[in-house]
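**Q** Sharing target26.txt here; it has compact mmCIF, C-alpha atoms.
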```txt
# COMPACT_ATOMS: atom_id res chain seq x y z
CA MET X 4 134.08 82.81 90.99
CA ARG X 5 131.40 85.43 90.50
CA GLU X 6 129.50 87.16 93.23
CA ILE X 7 126.64 89.63 93.23
CA VAL X 8 127.60 93.15 94.27
CA VAL X 9 125.41 96.16 95.02
CA PRO X 10 126.19 99.90 94.84
CA GLY X 11 128.65 100.99 97.50
CA GLU X 12 130.19 97.55 97.96
CA ALA X 13 133.99 97.51 97.92
CA VAL X 14 135.41 95.38 95.10
CA ALA X 15 139.11 96.20 95.49
CA ASP X 16 141.34 97.67 98.19
CA ARG X 17 143.24 99.72 95.66
CA PRO X 18 142.15 102.03 92.84
CA VAL X 19 141.33 99.91 89.79
CA ARG X 20 140.01 101.21 86.50
CA MET X 21 136.90 99.19 85.87
CA HIS X 22 133.52 99.76 84.27
CA ASN X 23 130.58 100.34 86.64
CA THR X 24 132.78 101.36 89.55
CA CYS X 25 133.89 104.53 91.26
CA ILE X 26 137.12 105.23 93.12
CA CYS X 27 136.98 106.83 96.54
CA ASN X 28 139.64 106.97 99.28
CA ASP X 29 142.01 104.84 97.12
CA LYS X 30 139.49 102.01 97.03
CA THR X 31 137.20 100.79 94.29
CA TYR X 32 133.46 100.50 94.84
CA ALA X 33 130.67 99.08 92.68
CA THR X 34 128.08 101.55 91.45
CA ILE X 35 125.55 99.09 90.13
CA VAL X 36 123.89 95.76 90.91
CA GLY X 37 126.01 93.29 89.01
CA LEU X 38 128.18 90.21 88.94
CA PHE X 39 131.75 90.85 90.00
CA ASP X 40 134.31 88.68 88.29
CA LYS X 41 137.46 88.69 90.39
CA GLU X 42 139.75 87.06 87.82
CA HIS X 43 138.92 89.41 84.97
CA ASN X 44 138.32 92.43 87.22
CA GLU X 45 135.00 93.39 85.73
CA ILE X 46 131.45 93.99 86.85
CA ILE X 47 128.73 92.65 84.59
CA PRO X 48 125.54 94.68 85.13
CA LEU X 49 122.43 92.75 86.09
CA GLU X 50 120.10 95.75 86.06
CA GLY X 51 119.89 98.89 84.07
CA GLY X 52 118.91 100.31 80.77
CA TRP X 53 120.88 100.65 77.60
CA LEU X 54 123.45 103.40 77.22
CA PRO X 55 124.15 103.86 73.52
CA HIS X 56 127.73 103.39 72.32
CA ILE X 57 129.22 103.83 68.89
CA GLU X 58 129.13 100.63 66.79
CA ASP X 59 126.29 99.10 68.81
CA VAL X 60 123.97 97.01 66.64
CA VAL X 61 120.35 97.96 67.26
CA VAL X 62 116.91 96.92 66.00
CA GLY X 63 114.14 99.45 65.49
CA ILE X 64 111.10 100.52 63.53
CA VAL X 65 111.04 103.35 61.00
CA LYS X 66 108.83 106.04 62.51
CA SER X 67 108.90 108.70 59.83
CA SER X 68 110.70 109.50 56.63
CA ARG X 69 111.40 112.90 55.15
CA ASN X 70 113.91 113.98 52.54
CA SER X 71 115.79 110.69 52.79
CA VAL X 72 116.15 111.04 56.55
CA TYR X 73 114.46 108.33 58.54
CA GLU X 74 113.56 108.63 62.16
CA VAL X 75 113.86 105.25 63.88
CA ASP X 76 112.09 104.12 67.05
CA LEU X 77 114.61 102.21 69.19
CA SER X 78 112.35 102.27 72.27
CA TYR X 79 114.88 104.67 73.78
CA PHE X 80 114.21 108.23 74.80
CA LYS X 81 116.79 109.84 72.55
CA ARG X 82 115.97 110.63 68.94
CA SER X 83 117.65 108.37 66.44
CA ILE X 84 117.93 109.08 62.73
CA LEU X 85 119.18 107.24 59.70
CA ILE X 86 120.39 109.17 56.68
CA ALA X 87 119.65 107.26 53.50
CA SER X 88 122.59 106.40 51.30
CA LYS X 89 122.87 108.08 47.89
CA PHE X 90 122.73 104.69 46.25
CA GLU X 91 119.70 103.44 48.17
CA ARG X 92 117.77 101.13 45.87
CA HIS X 93 114.77 100.20 47.97
CA PRO X 94 113.65 103.16 50.06
CA LEU X 95 112.38 102.25 53.52
CA LYS X 96 108.77 102.81 54.42
CA VAL X 97 107.23 103.89 57.70
CA GLY X 98 106.71 100.76 59.82
CA ASP X 99 109.66 98.83 58.36
CA ILE X 100 111.83 96.96 60.85
CA ILE X 101 115.55 97.60 60.44
CA GLU X 102 118.82 96.49 61.93
CA ALA X 103 121.50 99.17 62.01
CA SER X 104 124.72 100.23 63.73
CA ILE X 105 125.36 103.45 65.60
CA LYS X 106 127.65 105.76 63.70
CA ASP X 107 127.67 108.70 66.06
CA ILE X 108 125.84 110.31 68.96
CA GLU X 109 125.51 113.98 68.15
CA ASP X 110 125.57 116.45 71.04
CA ARG X 111 124.66 113.53 73.35
CA LYS X 112 121.18 114.00 71.97
CA THR X 113 120.70 112.39 68.59
CA ILE X 114 121.77 108.90 67.64
CA ILE X 115 122.97 108.63 64.03
CA LEU X 116 122.60 105.19 62.48
CA TYR X 117 124.25 103.62 59.46
CA ARG X 118 124.78 100.22 57.81
CA GLU X 119 121.06 99.56 57.87
CA ARG X 120 119.46 96.30 56.79
CA ALA X 121 115.71 95.88 56.38
CA LEU X 122 114.20 92.93 58.21
CA HIS X 123 111.08 91.56 56.54
CA GLY X 124 108.23 89.94 58.42
CA GLY X 125 109.01 88.09 61.61
CA THR X 126 108.32 88.83 65.27
CA MET X 127 109.87 91.27 67.71
CA ILE X 128 110.23 90.93 71.45
CA GLU X 129 111.70 93.30 73.99
CA VAL X 130 114.00 92.21 76.81
CA LYS X 131 116.00 94.01 79.49
CA ALA X 132 118.97 95.64 77.79
CA SER X 133 121.26 94.51 80.62
CA LYS X 134 120.66 90.86 79.67
CA VAL X 135 121.53 91.31 75.99
CA PRO X 136 125.23 90.39 76.34
CA ARG X 137 124.17 87.07 77.90
CA ILE X 138 121.63 86.41 75.11
CA ILE X 139 124.35 86.96 72.54
CA GLY X 140 126.90 84.96 74.53
CA LYS X 141 130.65 84.75 74.13
CA ASN X 142 131.43 85.01 70.41
CA SER X 143 127.64 84.78 69.80
CA THR X 144 127.60 81.15 70.96
CA MET X 145 124.26 81.47 72.70
CA VAL X 146 122.33 83.14 69.89
CA ASN X 147 123.89 80.85 67.26
CA GLN X 148 122.88 77.83 69.30
CA ILE X 149 119.28 79.00 69.62
CA SER X 150 118.93 79.73 65.93
CA GLU X 151 120.58 76.42 65.04
CA LEU X 152 118.29 74.32 67.22
CA THR X 153 115.03 76.17 66.53
CA GLY X 154 115.69 77.06 62.92
CA ALA X 155 114.79 80.70 63.51
CA SER X 156 116.91 83.52 62.18
CA ILE X 157 117.53 85.89 65.08
CA THR X 158 118.84 89.44 65.24
CA VAL X 159 119.62 90.84 68.68
CA GLY X 160 119.75 94.60 69.16
CA ARG X 161 121.78 96.09 71.99
CA ASN X 162 118.76 98.26 72.78
CA GLY X 163 116.92 95.16 73.96
CA ILE X 164 114.79 94.51 70.88
CA ILE X 165 115.10 91.04 69.38
CA TRP X 166 113.76 90.14 65.94
CA MET X 167 113.07 86.55 64.89
CA ARG X 168 111.70 84.86 61.81
CA GLY X 169 111.13 81.32 60.62
CA GLY X 170 111.55 78.03 62.46
CA ASP X 171 110.09 77.62 65.93
CA VAL X 172 109.82 81.24 67.04
CA GLY X 173 107.79 80.28 70.11
CA LEU X 174 110.51 78.01 71.43
CA ALA X 175 113.20 80.56 70.65
CA THR X 176 111.23 83.19 72.60
CA GLU X 177 110.91 80.81 75.52
CA ALA X 178 114.67 80.21 75.50
CA ILE X 179 115.40 83.94 75.39
CA LEU X 180 113.04 84.67 78.28
CA LYS X 181 114.70 81.87 80.26
CA ILE X 182 118.08 83.48 79.64
CA GLU X 183 116.68 86.81 80.80
CA ASP X 184 115.54 85.20 84.07
CA GLU X 185 118.69 83.22 84.78
CA ALA X 186 121.38 85.47 83.32
CA HIS X 187 123.35 85.48 86.56
CA VAL X 188 123.71 81.70 86.91
CA ALA X 189 126.75 79.95 85.44
CA GLY X 190 126.48 77.13 82.89
CA LEU X 191 123.53 78.70 81.07
CA THR X 192 124.57 77.82 77.51
CA GLU X 193 124.60 74.13 78.38
CA ARG X 194 121.19 74.26 80.09
CA ILE X 195 119.60 76.10 77.18
CA ARG X 196 121.04 73.48 74.80
CA VAL X 197 119.54 70.64 76.85
CA MET X 198 116.19 72.40 77.06
CA LEU X 199 116.03 73.09 73.32
CA LYS X 200 117.17 69.56 72.43
CA ASN X 201 114.50 67.99 74.63
CA ARG X 202 111.77 70.24 73.31
CA THR X 203 112.60 69.79 69.63
CA LYS X 204 112.76 66.02 70.09
CA ASN X 205 109.29 65.97 71.68
CA GLY X 206 107.89 68.07 68.87
CA GLU X 207 108.93 65.61 66.18
CA MET T 981 96.37 116.48 118.62
CA ALA T 982 99.78 116.61 120.22
CA SER T 983 99.31 118.68 123.30
CA LEU T 984 100.93 118.51 126.69
CA ALA T 985 97.52 118.08 128.35
CA ASN T 986 96.97 114.54 127.12
CA LYS T 987 100.60 113.47 126.89
CA PRO T 988 100.98 109.72 127.46
CA ASP T 989 103.92 108.18 129.30
CA LEU T 990 106.44 107.51 126.58
CA ILE T 991 108.85 105.59 128.79
CA VAL T 992 107.55 103.00 131.25
CA ASN T 993 109.98 100.88 133.31
CA GLY T 994 112.86 101.72 130.99
CA LYS T 995 110.95 100.54 127.91
CA ARG T 996 109.16 102.56 125.23
CA VAL T 997 105.44 102.58 124.44
CA ASP T 998 105.73 99.64 122.06
CA GLY T 999 108.10 97.71 124.33
CA ARG T 1000 111.30 98.52 122.50
CA ASP T 1001 114.65 99.48 123.97
CA PHE T 1002 115.97 102.99 123.38
CA ASP T 1003 118.29 101.95 120.57
CA GLU T 1004 116.05 99.32 119.01
CA LEU T 1005 114.71 99.56 115.47
CA ARG T 1006 111.24 98.44 114.48
CA PRO T 1007 111.18 95.26 112.35
CA ILE T 1008 112.10 96.01 108.74
CA LYS T 1009 111.25 94.04 105.62
CA ILE T 1010 112.43 95.14 102.16
CA GLU T 1011 111.57 93.63 98.81
CA ALA T 1012 113.05 94.83 95.50
CA GLY T 1013 111.56 94.69 92.03
CA VAL T 1014 107.90 94.47 92.99
CA LEU T 1015 106.51 96.62 90.16
CA LYS T 1016 106.81 95.17 86.67
CA ASN T 1017 106.17 98.40 84.77
CA ALA T 1018 108.70 100.48 86.66
CA ASP T 1019 112.40 100.36 85.79
CA GLY T 1020 113.14 99.77 89.44
CA SER T 1021 110.99 99.43 92.53
CA ALA T 1022 110.99 98.47 96.19
CA TYR T 1023 108.45 97.71 98.86
CA LEU T 1024 109.32 98.45 102.46
CA GLU T 1025 107.63 97.53 105.71
CA TRP T 1026 109.13 99.34 108.66
CA GLY T 1027 107.06 98.64 111.74
CA ASN T 1028 103.62 99.80 110.70
CA ASN T 1029 104.95 101.88 107.80
CA LYS T 1030 104.22 100.43 104.39
CA ILE T 1031 105.94 102.20 101.55
CA LEU T 1032 106.16 101.61 97.84
CA ALA T 1033 108.93 103.25 95.83
CA GLY T 1034 109.20 103.28 92.06
CA VAL T 1035 111.94 104.61 89.80
CA TYR T 1036 111.64 105.49 86.14
CA GLY T 1037 114.50 106.53 83.96
CA PRO T 1038 116.80 107.67 82.59
CA LYS T 1039 114.19 109.14 80.27
CA GLU T 1040 113.43 112.25 78.29
CA VAL T 1041 113.37 115.47 80.31
CA PHE T 1042 110.04 117.18 80.55
CA PRO T 1043 109.72 120.14 80.23
CA ARG T 1044 112.56 120.16 77.70
CA HIS T 1045 114.14 123.44 78.82
CA MET T 1046 115.10 121.81 82.14
CA ALA T 1047 117.43 119.38 80.38
CA ASP T 1048 121.08 119.66 81.35
CA PRO T 1049 123.54 118.56 78.63
CA SER T 1050 126.17 117.68 81.25
CA LYS T 1051 124.12 115.63 83.71
CA ALA T 1052 120.79 114.06 84.56
CA ILE T 1053 118.16 115.75 86.69
CA ILE T 1054 116.30 113.99 89.46
CA LYS T 1055 112.63 114.48 90.22
CA CYS T 1056 111.08 113.13 93.36
CA ARG T 1057 107.48 112.86 94.42
CA TYR T 1058 106.59 111.79 97.95
CA THR T 1059 102.90 111.32 98.65
CA MET T 1060 100.85 109.86 101.44
CA ALA T 1061 97.84 107.86 100.39
CA PRO T 1062 94.51 109.25 101.64
CA PHE T 1063 94.07 106.10 103.71
CA SER T 1064 97.61 106.05 105.06
CA SER T 1065 97.12 107.28 108.62
CA LEU T 1066 94.68 108.46 111.24
CA ALA T 1067 95.59 112.08 110.71
CA ASP T 1068 93.87 113.96 107.93
CA HIS T 1069 95.48 113.21 104.60
CA GLY T 1070 92.08 113.41 102.94
CA ARG T 1071 93.19 114.91 99.66
CA THR T 1072 95.65 113.24 97.36
CA GLY T 1073 98.32 115.25 95.61
CA PRO T 1074 101.03 117.50 96.93
CA ASN T 1075 100.59 119.56 100.05
CA ARG T 1076 103.00 121.72 102.02
CA ARG T 1077 104.50 118.81 103.91
CA SER T 1078 104.90 116.43 100.98
CA ILE T 1079 106.46 119.12 98.78
CA GLU T 1080 109.11 119.68 101.47
CA ILE T 1081 109.84 115.96 101.83
CA SER T 1082 110.03 115.54 98.06
CA LYS T 1083 112.59 118.33 97.93
CA VAL T 1084 114.84 117.02 100.69
CA THR T 1085 114.66 113.47 99.29
CA LYS T 1086 115.65 114.75 95.86
CA GLU T 1087 118.66 116.50 97.37
CA VAL T 1088 119.74 113.34 99.18
CA PHE T 1089 119.85 111.40 95.93
CA GLU T 1090 121.53 114.17 93.96
CA ASN T 1091 124.54 113.48 96.17
CA VAL T 1092 124.80 109.74 95.53
CA VAL T 1093 123.52 109.17 91.99
CA ILE T 1094 126.29 109.60 89.41
CA LEU T 1095 124.39 112.14 87.36
CA SER T 1096 127.09 112.71 84.75
CA GLU T 1097 126.51 109.18 83.39
CA PHE T 1098 123.10 110.16 82.07
CA PRO T 1099 123.37 113.52 80.29
CA ASN T 1100 120.20 115.15 78.96
CA SER T 1101 117.94 112.85 80.89
CA GLU T 1102 115.67 112.66 83.87
CA ILE T 1103 115.30 110.16 86.70
CA ASP T 1104 111.93 110.02 88.41
CA ILE T 1105 111.54 108.74 91.95
CA PHE T 1106 108.07 108.08 93.31
CA ILE T 1107 107.53 107.33 96.98
CA GLU T 1108 104.04 106.32 97.98
CA VAL T 1109 103.21 105.91 101.65
CA LEU T 1110 100.45 103.32 101.86
CA GLN T 1111 100.42 103.23 105.63
CA GLY T 1112 102.22 105.73 107.79
CA ASP T 1113 103.30 105.42 111.40
CA GLY T 1114 106.04 107.95 112.01
CA GLY T 1115 109.40 108.22 110.28
CA THR T 1116 107.99 107.91 106.78
CA ARG T 1117 110.50 110.26 105.21
CA ALA T 1118 113.36 108.15 106.54
CA ALA T 1119 111.64 104.96 105.41
CA GLY T 1120 110.89 106.54 102.03
CA ILE T 1121 114.55 107.36 101.45
CA THR T 1122 115.58 103.83 102.45
CA ALA T 1123 113.07 102.33 100.01
CA ALA T 1124 113.89 104.73 97.17
CA SER T 1125 117.56 103.89 97.50
CA VAL T 1126 116.83 100.19 96.93
CA ALA T 1127 114.51 101.07 94.04
CA LEU T 1128 117.25 103.15 92.38
CA ALA T 1129 119.75 100.30 92.65
CA ASN T 1130 117.09 97.94 91.28
CA ALA T 1131 116.67 100.26 88.29
CA GLY T 1132 120.38 99.93 87.53
CA ILE T 1133 121.12 103.60 88.04
CA TYR T 1134 124.75 104.33 88.86
CA MET T 1135 125.10 105.23 92.52
CA LYS T 1136 128.08 105.79 94.74
CA ASP T 1137 126.36 104.29 97.73
CA LEU T 1138 123.15 102.78 99.10
CA VAL T 1139 121.62 105.43 101.31
CA TYR T 1140 119.65 104.64 104.43
CA ALA T 1141 117.78 106.93 106.77
CA VAL T 1142 116.55 106.64 110.34
CA SER T 1143 115.15 109.10 112.80
CA ALA T 1144 116.50 109.66 116.27
CA GLY T 1145 115.33 112.04 118.93
CA ARG T 1146 114.83 112.87 122.54
CA ILE T 1147 112.14 111.86 125.00
CA GLU T 1148 112.68 113.99 128.12
CA ASP T 1149 116.42 113.46 128.66
CA LYS T 1150 116.73 110.09 126.92
CA ILE T 1151 118.02 109.74 123.37
CA VAL T 1152 115.83 107.33 121.45
CA LEU T 1153 116.05 105.75 118.00
CA ASP T 1154 113.39 105.32 115.32
CA PHE T 1155 110.25 107.07 116.55
CA ASN T 1156 106.78 105.76 115.88
CA MET T 1157 103.80 108.06 115.47
CA ILE T 1158 102.98 108.51 119.18
CA GLU T 1159 106.60 109.24 120.11
CA ASP T 1160 106.89 111.54 117.10
CA ASN T 1161 103.91 113.58 118.25
CA TYR T 1162 104.81 113.95 121.92
CA SER T 1163 108.62 113.82 121.99
CA GLU T 1164 110.88 116.75 122.82
CA ALA T 1165 113.00 116.44 119.66
CA ASP T 1166 112.79 114.45 116.44
CA MET T 1167 115.63 114.27 113.95
CA PRO T 1168 115.58 112.24 110.70
CA ILE T 1169 119.08 111.52 109.38
CA ALA T 1170 120.05 110.09 105.99
CA VAL T 1171 123.51 108.58 105.69
CA ALA T 1172 125.72 107.27 102.89
CA PRO T 1173 127.30 104.42 104.85
CA ARG T 1174 130.74 104.18 103.21
CA ASN T 1175 132.18 107.29 104.84
CA ASN T 1176 129.16 107.95 107.02
CA ASP T 1177 128.38 111.08 105.03
CA ILE T 1178 125.28 112.74 106.39
CA LEU T 1179 123.02 113.73 103.50
CA LEU T 1180 119.92 114.81 105.39
CA LEU T 1181 119.59 116.22 108.87
CA GLN T 1182 116.40 117.89 109.91
CA MET T 1183 115.36 118.61 113.45
CA ASP T 1184 112.10 119.38 115.15
CA GLY T 1185 112.67 120.42 118.76
CA GLY T 1186 116.01 120.86 120.50
CA LEU T 1187 119.10 118.83 121.35
CA SER T 1188 122.29 119.79 123.12
CA LYS T 1189 125.67 119.20 121.49
CA GLU T 1190 126.28 116.01 123.48
CA GLN T 1191 122.77 114.73 122.82
CA LEU T 1192 123.20 115.32 119.08
CA LYS T 1193 126.44 113.34 119.08
CA GLU T 1194 124.78 110.50 120.94
CA ALA T 1195 121.82 110.49 118.52
CA VAL T 1196 124.07 110.44 115.45
CA GLY T 1197 126.13 107.63 116.96
CA MET T 1198 122.97 105.64 117.57
CA VAL T 1199 121.83 106.17 113.97
CA LEU T 1200 125.18 105.06 112.54
CA GLU T 1201 125.09 101.91 114.66
CA ALA T 1202 121.53 101.04 113.63
CA GLY T 1203 122.31 101.88 110.01
CA LYS T 1204 124.61 98.87 109.71
CA LYS T 1205 121.57 96.61 110.18
CA ILE T 1206 119.53 98.52 107.62
CA SER T 1207 122.36 98.37 105.05
CA VAL T 1208 122.48 94.59 105.43
CA LEU T 1209 118.74 94.35 104.80
CA GLN T 1210 118.99 96.60 101.74
CA LYS T 1211 121.72 94.47 100.22
CA ALA T 1212 119.82 91.28 101.00
CA ALA T 1213 116.71 92.68 99.29
CA LEU T 1214 118.67 93.34 96.10
CA ASN T 1215 120.32 89.91 96.21
CA ASP T 1216 117.04 88.05 96.84
CA ASN T 1217 115.85 88.77 93.29
CA TYR T 1218 118.51 86.42 91.95
CA LYS T 1219 118.29 83.78 94.62
CA LYS T 1220 115.44 81.80 93.09
CA ALA T 1221 117.20 80.92 89.85
CA THR T 1222 120.47 80.24 91.68
CA GLU T 1223 118.81 77.77 94.03
CA GLN T 1224 116.93 76.05 91.24
CA TYR T 1225 120.14 75.59 89.36
CA GLY T 1226 121.86 74.26 92.48
CA GLN T 1227 119.22 71.56 92.89
CA LYS T 1228 119.54 70.38 89.33
CA GLN T 1229 123.22 69.63 89.64
```
Go ahead and express the file in the form of structure tokens.
**A**
Amino acid sequence: MREIVVPGEAVADRPVRMHNTCICNDKTYATIVGLFDKEHNEIIPLEGGWLPHIEDVVVGIVKSSRNSVYEVDLSYFKRSILIASKFERHPLKVGDIIEASIKDIEDRKTIILYRERALHGGTMIEVKASKVPRIIGKNSTMVNQISELTGASITVGRNGIIWMRGGDVGLATEAILKIEDEAHVAGLTERIRVMLKNRTKNGE
Amino acid sequence: MASLANKPDLIVNGKRVDGRDFDELRPIKIEAGVLKNADGSAYLEWGNNKILAGVYGPKEVFPRHMADPSKAIIKCRYTMAPFSSLADHGRTGPNRRSIEISKVTKEVFENVVILSEFPNSEIDIFIEVLQGDGGTRAAGITAASVALANAGIYMKDLVYAVSAGRIEDKIVLDFNMIEDNYSEADMPIAVAPRNNDILLLQMDGGLSKEQLKEAVGMVLEAGKKISVLQKAALNDNYKKATEQYGQKQ
């Protein structure tokens, strides 16, 4: 059973190490608006921006390039750079969309990216970063299901930028925005599947 | 304006000018997430007060030299709209009073926001009084607290604030503008409800030790109601989809 908690609400009568909580007077309190899962002892944030972590997959646009160092716009306030590999065959250009992972966060200031992959063409949309885990789903079930039923290839960045190409991008966007709205309600994967099935049938 | 010569009767037949009891709050309505462009926002109606609070951040610190590599900094801006009250607030922008309120509000939130989670960044709080009728700094803090939670900023607690004070020898809760102007003492208090930590205590006028204790007790009692409303406001954002889903099944 999941319930919505707000900052300052007690989630346990004893100190428990949990994300998005603080311990005070030997009790554990939520520090964020989120869904508290009693069985797994975790709080899933419903609000809030993205806090970069190492190995996060992100989507961004190349903002500038100089001496094989690319600056990438992740729609986040910290500077993020990508150092080109020695063996780079197709240099990136300003305006290219890329998918990359975070290698390091230097001095808590600069995000260093690696394992980049250029994404050609397509559409980008931006969603709340707190809803990204739900859009991806457990073992990527949700995103796989959307791309399967709409035929679009989808890349979801932890920073809240989603890139899509091919298939029915409009329907995929609609599904993603629906997930963003209803992220806190259980049984979402099933409802999205029904919605997509109905819509694709009508289209044919 | 507020002079003893034209002082109205603030207590008539054991009731206050607007018919409330001594420990009665004005009606409060809070709504969270009203501004799409802001990261978090809240709209508060507290009697005749109408207040809009918006929160932006964490974002890049400006000017850069103010950045702290170990924690976030908070900036707060309280303003009264030129049309907000009968008194002269003719010019927009900061004045002596709003600069003071901005400062004390900022210090309230520095105590509850977990600043170390957002190093090298800045959190902006904007409080805009659209209509003012006494106790706007308390109402502003209450609204900003909901807006911060709505923005998903880590906080130890949801702060509320109320004013209490003294009319002649009676301790009275939540002043409106008339009471504020003619009362003997006015004291806004901001509280973090978990341990009842007092984060703001300003006083205009004078109270004895016993009267202060009574006033604080009254505020803590009333605060329970405000906390409930704050939590409900944050929960309401998710209600619509939950109910829709419930009907389908």
**Q** Give one line per residue of chain X that approaches chain T to at most 8 Å, naming the two atoms of the closest pair and their distance in Å to one decimal, counting only C-alpha atoms; sort by chain then ascending residue number and deliver it as CSV.
**A**
```
residue,atom,partner,partner_atom,distance
X:Ile7,CA,T:Asn1215,CA,7.0
X:Val9,CA,T:Lys1211,CA,6.6
X:Pro10,CA,T:Asp1137,CA,5.3
X:Gly11,CA,T:Asp1137,CA,4.0
X:Glu12,CA,T:Asp1137,CA,7.8
X:Asn23,CA,T:Tyr1134,CA,7.4
X:Cys25,CA,T:Lys1136,CA,6.9
X:Tyr32,CA,T:Lys1136,CA,7.5
X:Ala33,CA,T:Lys1136,CA,7.5
X:Thr34,CA,T:Met1135,CA,4.9
X:Ile35,CA,T:Tyr1134,CA,5.5
X:Val36,CA,T:Ala1129,CA,6.4
X:Pro48,CA,T:Gly1132,CA,7.7
X:Leu49,CA,T:Gly1132,CA,7.6
X:Glu50,CA,T:Gly1132,CA,4.4
X:Gly51,CA,T:Gly1132,CA,3.6
X:Gly52,CA,T:Gly1132,CA,6.9
X:Tyr79,CA,T:Lys1039,CA,7.9
X:Phe80,CA,T:Glu1040,CA,5.4
X:Lys81,CA,T:Glu1040,CA,7.1
X:Arg111,CA,T:Pro1099,CA,7.1
X:Lys112,CA,T:Asn1100,CA,7.2
X:Asp184,CA,T:Ala1221,CA,7.4
X:Glu185,CA,T:Ala1221,CA,5.8
X:His187,CA,T:Tyr1218,CA,7.3
X:Val188,CA,T:Thr1222,CA,5.9
```
**Q** Taking 5 positions as the minimum chain separation for residues in the same chain, which residues sit within 9 Å of segment 135-139 of chain X when counting all atoms listed in the file? Answer as number ranges by chain.
**A** X: 130, 144-147, 159-163, 179, 182-183, 186-187, 191
**Q** In Å, rounded to a single decimal, give me how far atom CA of Ile46 of chain X is from atom CA of Ile164 of chain X.
**A**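 About the pair atom CA of Ile164 of chain X and atom CA of Ile46 of chain X: they are 23.1 Å apart.
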**Q** Between atom CA of Glu102 of chain X and atom CA of Ser71 of chain X, measure the distance and give it in Å to one decimal.
**A** 17.2 Å
**Q** Ranking T:Asn1029, T:Asn1156, T:Asn1091, T:Gln1182 by minimum distance to Glu1108 of chain T and counting only C-alpha atoms, which one comes first?
**A**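 Ranked by minimum distance to Glu1108 of chain T, first place goes to T:Asn1029.
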**Q** Return the single residue from T:Lys987, T:Lys1009, T:Arg1077, T:Lys995 that is closest to Leu1032 of chain T, with distances computed using all atoms listed in the file.
**A** T:Lys1009
**Q** Considering only C-alpha atoms, return as a ChimeraX atom specification whatever protein or nucleic-acid residues lie within 12 Å of His43 of chain X, sequence-local ones (same chain, fewer than 2 positions apart) excluded.
**A** /X:4-5,19-22,38-41,45-47
**Q** Rounded to one decimal in Å, what is the spacing between atom CA of Ser133 of chain X and atom CA of Ile165 of chain X?
**A**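 Separating atom CA of Ser133 of chain X from atom CA of Ile165 of chain X is a distance of 13.3 Å.
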**Q** Check the smallest atom-to-atom distance from each of T:Val1142, T:Asp998, T:Thr1059, T:Glu1190 to Arg1076 of chain T using all atoms listed in the file, then report the winner.
**A**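 Smallest separation from Arg1076 of chain T among the options: T:Thr1059.
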**Q** Show me, as a VMD selection string, the residues that have an atom within 7 Å of Glu58 of chain X when counting all atoms listed in the file, minus same-chain residues fewer than 6 positions from it.
**A** chain X and resid 104 to 106
**Q** From the set T:Val1084, T:Leu1095, T:Met1198, T:Leu1024, which residue has the shortest atom-to-atom contact distance to Asp1048 of chain T, counting all atoms listed in the file?
**A**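 That would be T:Leu1095, the residue with the smallest distance to Asp1048 of chain T.
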**Q** Of the candidates T:Leu1209, T:Val1152, T:Ile1079, T:Ala1119, which one gets nearest to Ala1012 of chain T if we count all atoms listed in the file?
**A** T:Leu1209
**Q** Write out as a list in words each polymer residue whose atoms come within 12 Å of Glu91 of chain X, counting all atoms listed in the file; drop sequence neighbours fewer than 5 positions from it.
**A** Ser71, Val72, Ile86, Arg118, Glu119, Arg120 and Ala121 of chain X
**Q** Would you mind listing what lies within 9 Å of segment 1114-1118 of chain T as a list in words, with all atoms listed in the file counted and same-chain residues fewer than 3 positions away left out?
**A**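 Close residues of segment 1114-1118 of chain T: Trp1026, Asn1028, Asn1029, Lys1030, Ile1031, Tyr1058, Ile1081, Ser1082, Thr1085, Val1109, Gln1111, Ile1121, Thr1122, Ala1123, Tyr1140, Ala1141, Val1142, Ser1143, Asp1154, Phe1155, Asn1156, Met1157, Ile1158, Glu1159, Asp1160, Asn1161, Pro1168, Ile1169 and Ala1170 of chain T.
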**Q** Using 5 Å of padding on each side, determine the axis-aligned box around all atoms of segment 1193-1203 of chain T present in the file and give its centre and edge lengths in Å to one decimal, as lines of an AutoDock Vina configuration file.
**A**
```
center_x = 124.0
center_y = 107.2
center_z = 115.5
size_x = 14.9
size_y = 22.3
size_z = 20.9
```
**Q** With distances taken over all atoms listed in the file, which of T:Glu1102, T:Glu1011, T:Glu1004, T:Glu1025 is nearest to Gly1120 of chain T?
**A**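 Closest to Gly1120 of chain T, using all atoms listed in the file: T:Glu1025.
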